[in-house]
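Asks: Okay, handing you the structure first.
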Amino acid sequence: MELTQYSVVLVNLDPTIGSEIKKTRPCVIISPDEMNRHLQTLIIAPMTSQSKSYPTRIEVKHNQKIGWIVLDQIRTIDKQRVLKSLDKLTGREIAKVKLIIKETFVD
């Protein structure tokens, strides 16, 4: 399975601690392709179907469902947690992800 930046993949996030997002759920791969090819880990942002309107959450529609990319819960996972590939973000969604990451972590 090809694991590329801005792909949506199904990931088993358990076990977790405290307020970390848990369960098996879609996640967006945030790490760049060069890292994805050479490391056994991925940097991901989980997705959820239930969310309040936070500035670090991006609303997206995939498979006729509304969900949110949770950029305040970015984490590193082992590739073994990835169960299957689901989709890719659109260019517009990618632009929003980049903007929120920059505003949150760079500026």
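The way I read the labels, and the way they are meant: chains A, B, ... in the order of the structure tokens, residue 1 as the first residue of every chain, and ligand 1 as the first ligand shown, with later ones counted on from there.
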Select from chain A everything DSSP, run on the backbone, classes as alpha helix (DSSP H), then give the selection as JSON, numbers by chain.
Replies: {"A": [33, 34, 35, 36, 37, 38, 91, 92, 93, 94, 95, 96, 97, 98, 99, 100, 101]}
Asks: Give me a file of those residues, with all heavy atoms, as a compact mmCIF listing (two decimals), in the first residue's frame.
Replies:
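See part_34.txt below for the written result:
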```txt
# COMPACT_ATOMS: atom_id res chain seq x y z
N ASP A 33 6.40 12.85 1.75
CA ASP A 33 6.62 11.56 1.09
C ASP A 33 8.02 11.00 1.31
O ASP A 33 8.19 9.79 1.43
CB ASP A 33 6.32 11.68 -0.41
CG ASP A 33 4.84 11.84 -0.66
OD1 ASP A 33 4.03 11.44 0.21
OD2 ASP A 33 4.48 12.37 -1.73
N GLU A 34 9.05 11.85 1.35
CA GLU A 34 10.40 11.35 1.57
C GLU A 34 10.51 10.64 2.92
O GLU A 34 11.11 9.57 3.02
CB GLU A 34 11.43 12.47 1.48
CG GLU A 34 12.85 11.94 1.55
CD GLU A 34 13.89 12.97 1.14
OE1 GLU A 34 13.54 14.05 0.67
OE2 GLU A 34 15.08 12.65 1.33
N MET A 35 9.91 11.20 3.95
CA MET A 35 9.89 10.54 5.26
C MET A 35 9.07 9.26 5.18
O MET A 35 9.46 8.22 5.73
CB MET A 35 9.29 11.47 6.32
CG MET A 35 10.20 12.59 6.74
SD MET A 35 9.39 13.75 7.89
CE MET A 35 9.00 12.72 9.27
N ASN A 36 7.94 9.32 4.50
CA ASN A 36 7.06 8.15 4.41
C ASN A 36 7.73 6.97 3.71
O ASN A 36 7.47 5.82 4.04
CB ASN A 36 5.77 8.52 3.67
CG ASN A 36 5.00 9.61 4.39
OD1 ASN A 36 5.17 9.83 5.58
ND2 ASN A 36 4.16 10.32 3.65
N ARG A 37 8.60 7.26 2.76
CA ARG A 37 9.31 6.19 2.04
C ARG A 37 10.42 5.56 2.88
O ARG A 37 10.69 4.37 2.76
CB ARG A 37 9.93 6.74 0.75
CG ARG A 37 8.96 6.89 -0.39
CD ARG A 37 9.67 7.16 -1.71
NE ARG A 37 10.43 8.41 -1.71
CZ ARG A 37 9.91 9.60 -2.01
NH1 ARG A 37 8.65 9.71 -2.33
NH2 ARG A 37 10.67 10.68 -1.98
N HIS A 38 11.09 6.34 3.73
CA HIS A 38 12.30 5.87 4.38
C HIS A 38 12.16 5.51 5.86
O HIS A 38 13.04 4.83 6.40
CB HIS A 38 13.42 6.90 4.21
CG HIS A 38 13.78 7.12 2.77
ND1 HIS A 38 14.44 6.17 2.01
CD2 HIS A 38 13.53 8.16 1.94
CE1 HIS A 38 14.60 6.63 0.79
NE2 HIS A 38 14.06 7.83 0.71
N GLY A 91 -7.30 19.41 -3.49
CA GLY A 91 -6.36 20.53 -3.44
C GLY A 91 -6.80 21.62 -2.48
O GLY A 91 -5.99 22.20 -1.76
N ARG A 92 -8.09 21.87 -2.43
CA ARG A 92 -8.63 22.90 -1.53
C ARG A 92 -8.45 22.47 -0.06
O ARG A 92 -8.10 23.29 0.79
CB ARG A 92 -10.11 23.11 -1.86
CG ARG A 92 -10.75 24.24 -1.18
CD ARG A 92 -12.10 24.49 -1.81
NE ARG A 92 -12.91 25.27 -0.90
CZ ARG A 92 -14.14 25.59 -1.12
NH1 ARG A 92 -14.74 25.20 -2.22
NH2 ARG A 92 -14.81 26.30 -0.25
N GLU A 93 -8.70 21.20 0.23
CA GLU A 93 -8.52 20.69 1.59
C GLU A 93 -7.05 20.73 2.00
O GLU A 93 -6.73 21.09 3.13
CB GLU A 93 -9.08 19.27 1.70
CG GLU A 93 -10.59 19.21 1.56
CD GLU A 93 -11.14 17.83 1.30
OE1 GLU A 93 -10.39 16.92 0.88
OE2 GLU A 93 -12.35 17.64 1.50
N ILE A 94 -6.16 20.38 1.08
CA ILE A 94 -4.72 20.42 1.36
C ILE A 94 -4.30 21.85 1.70
O ILE A 94 -3.55 22.08 2.65
CB ILE A 94 -3.91 19.87 0.17
CG1 ILE A 94 -4.14 18.36 0.04
CG2 ILE A 94 -2.43 20.18 0.32
CD1 ILE A 94 -3.62 17.76 -1.26
N ALA A 95 -4.79 22.82 0.95
CA ALA A 95 -4.45 24.23 1.21
C ALA A 95 -4.90 24.64 2.61
O ALA A 95 -4.17 25.34 3.32
CB ALA A 95 -5.07 25.13 0.15
N LYS A 96 -6.09 24.20 3.02
CA LYS A 96 -6.58 24.52 4.37
C LYS A 96 -5.71 23.87 5.44
O LYS A 96 -5.38 24.50 6.45
CB LYS A 96 -8.03 24.04 4.54
CG LYS A 96 -9.04 24.87 3.82
CD LYS A 96 -10.44 24.30 4.10
CE LYS A 96 -11.51 24.99 3.30
NZ LYS A 96 -12.84 24.40 3.54
N VAL A 97 -5.33 22.60 5.23
CA VAL A 97 -4.46 21.90 6.19
C VAL A 97 -3.15 22.66 6.34
O VAL A 97 -2.70 22.92 7.46
CB VAL A 97 -4.22 20.44 5.76
CG1 VAL A 97 -3.08 19.81 6.55
CG2 VAL A 97 -5.49 19.61 5.91
N LYS A 98 -2.52 23.02 5.23
CA LYS A 98 -1.25 23.74 5.27
C LYS A 98 -1.38 25.07 6.02
O LYS A 98 -0.52 25.43 6.83
CB LYS A 98 -0.73 23.99 3.86
CG LYS A 98 -0.21 22.76 3.18
CD LYS A 98 0.26 23.12 1.77
CE LYS A 98 0.89 21.96 1.07
NZ LYS A 98 1.39 22.33 -0.27
N LEU A 99 -2.46 25.79 5.76
CA LEU A 99 -2.67 27.09 6.41
C LEU A 99 -2.82 26.93 7.93
O LEU A 99 -2.17 27.65 8.69
CB LEU A 99 -3.90 27.77 5.82
CG LEU A 99 -4.27 29.12 6.44
CD1 LEU A 99 -3.18 30.15 6.17
CD2 LEU A 99 -5.61 29.60 5.92
N ILE A 100 -3.63 25.99 8.36
CA ILE A 100 -3.86 25.79 9.80
C ILE A 100 -2.58 25.30 10.48
O ILE A 100 -2.25 25.77 11.58
CB ILE A 100 -5.02 24.80 10.05
CG1 ILE A 100 -6.32 25.35 9.48
CG2 ILE A 100 -5.14 24.49 11.54
CD1 ILE A 100 -6.77 26.68 10.04
N ILE A 101 -1.84 24.40 9.86
CA ILE A 101 -0.57 23.94 10.44
C ILE A 101 0.39 25.11 10.58
O ILE A 101 1.02 25.29 11.62
CB ILE A 101 0.05 22.80 9.62
CG1 ILE A 101 -0.76 21.52 9.81
CG2 ILE A 101 1.51 22.58 10.01
CD1 ILE A 101 -0.34 20.37 8.93
```
Asks: Please list as a list in words every residue within 8 Å of Ile29 (chain A), counting only C-alpha atoms and excluding residues in the same chain fewer than 2 positions away.
Replies: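 These residues fall inside the cut-off: Leu3, Thr4, Gln5, Tyr6, Ser7, Val8, Val9, Cys27, Ser31, Leu42, Ile43, Ile44 and Ala45 of chain A.
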Asks: Could you dump the residues just selected with C-alpha atoms as a PDB file, in the first residue's frame?
Replies:
```pdb
ATOM      1  CA  LEU A   3       1.376   5.825   1.966  1.00  0.00           C
ATOM      2  CA  THR A   4       1.611   9.353   0.611  1.00  0.00           C
ATOM      3  CA  GLN A   5       1.190  12.804   2.097  1.00  0.00           C
ATOM      4  CA  TYR A   6      -2.451  13.968   2.284  1.00  0.00           C
ATOM      5  CA  SER A   7      -3.816  10.456   1.822  1.00  0.00           C
ATOM      6  CA  VAL A   8      -6.679   9.382   4.063  1.00  0.00           C
ATOM      7  CA  VAL A   9      -5.972   6.014   5.682  1.00  0.00           C
ATOM      8  CA  CYS A  27      -6.542   9.776   9.515  1.00  0.00           C
ATOM      9  CA  SER A  31       4.403  13.671   6.950  1.00  0.00           C
ATOM     10  CA  LEU A  42       4.031   8.332   9.775  1.00  0.00           C
ATOM     11  CA  ILE A  43       2.840  11.659  11.117  1.00  0.00           C
ATOM     12  CA  ILE A  44      -0.952  11.713  11.002  1.00  0.00           C
ATOM     13  CA  ALA A  45      -3.911  13.880  11.962  1.00  0.00           C
TER      14      ALA A  45
END
```
Asks: Considering only C-alpha atoms, return as a PyMOL selection string whatever protein or nucleic-acid residues lie within 9 Å of Thr56 (chain A), sequence-local ones (same chain, fewer than 4 positions apart) excluded.
Replies: chain A and resi 69-72+100-101+104
Asks: Skipping near chain neighbours, those fewer than 3 positions away, what residues fall within 7 Å of Gly67 (chain A) using only C-alpha atoms, listed as an NGL selection string?
Replies: :A and (47-49 or 59-61)
Asks: In Å, how far is it from CA of Ile21 (chain A) to CA of Arg75 (chain A)?
Replies: 10.2 Å
Asks: From region 21-88 of chain A, collect each residue whose DSSP state is strand (DSSP E or B) and return the set as number ranges by chain.
Replies: A: 24-29, 41-48, 57-62, 65-70, 75-78, 82-88
Asks: Of the residues A:Asp78, A:Gln40, A:Leu13, A:Trp68, which is the one nearest to Lys52 (chain A), using only C-alpha atoms?
Replies: A:Trp68
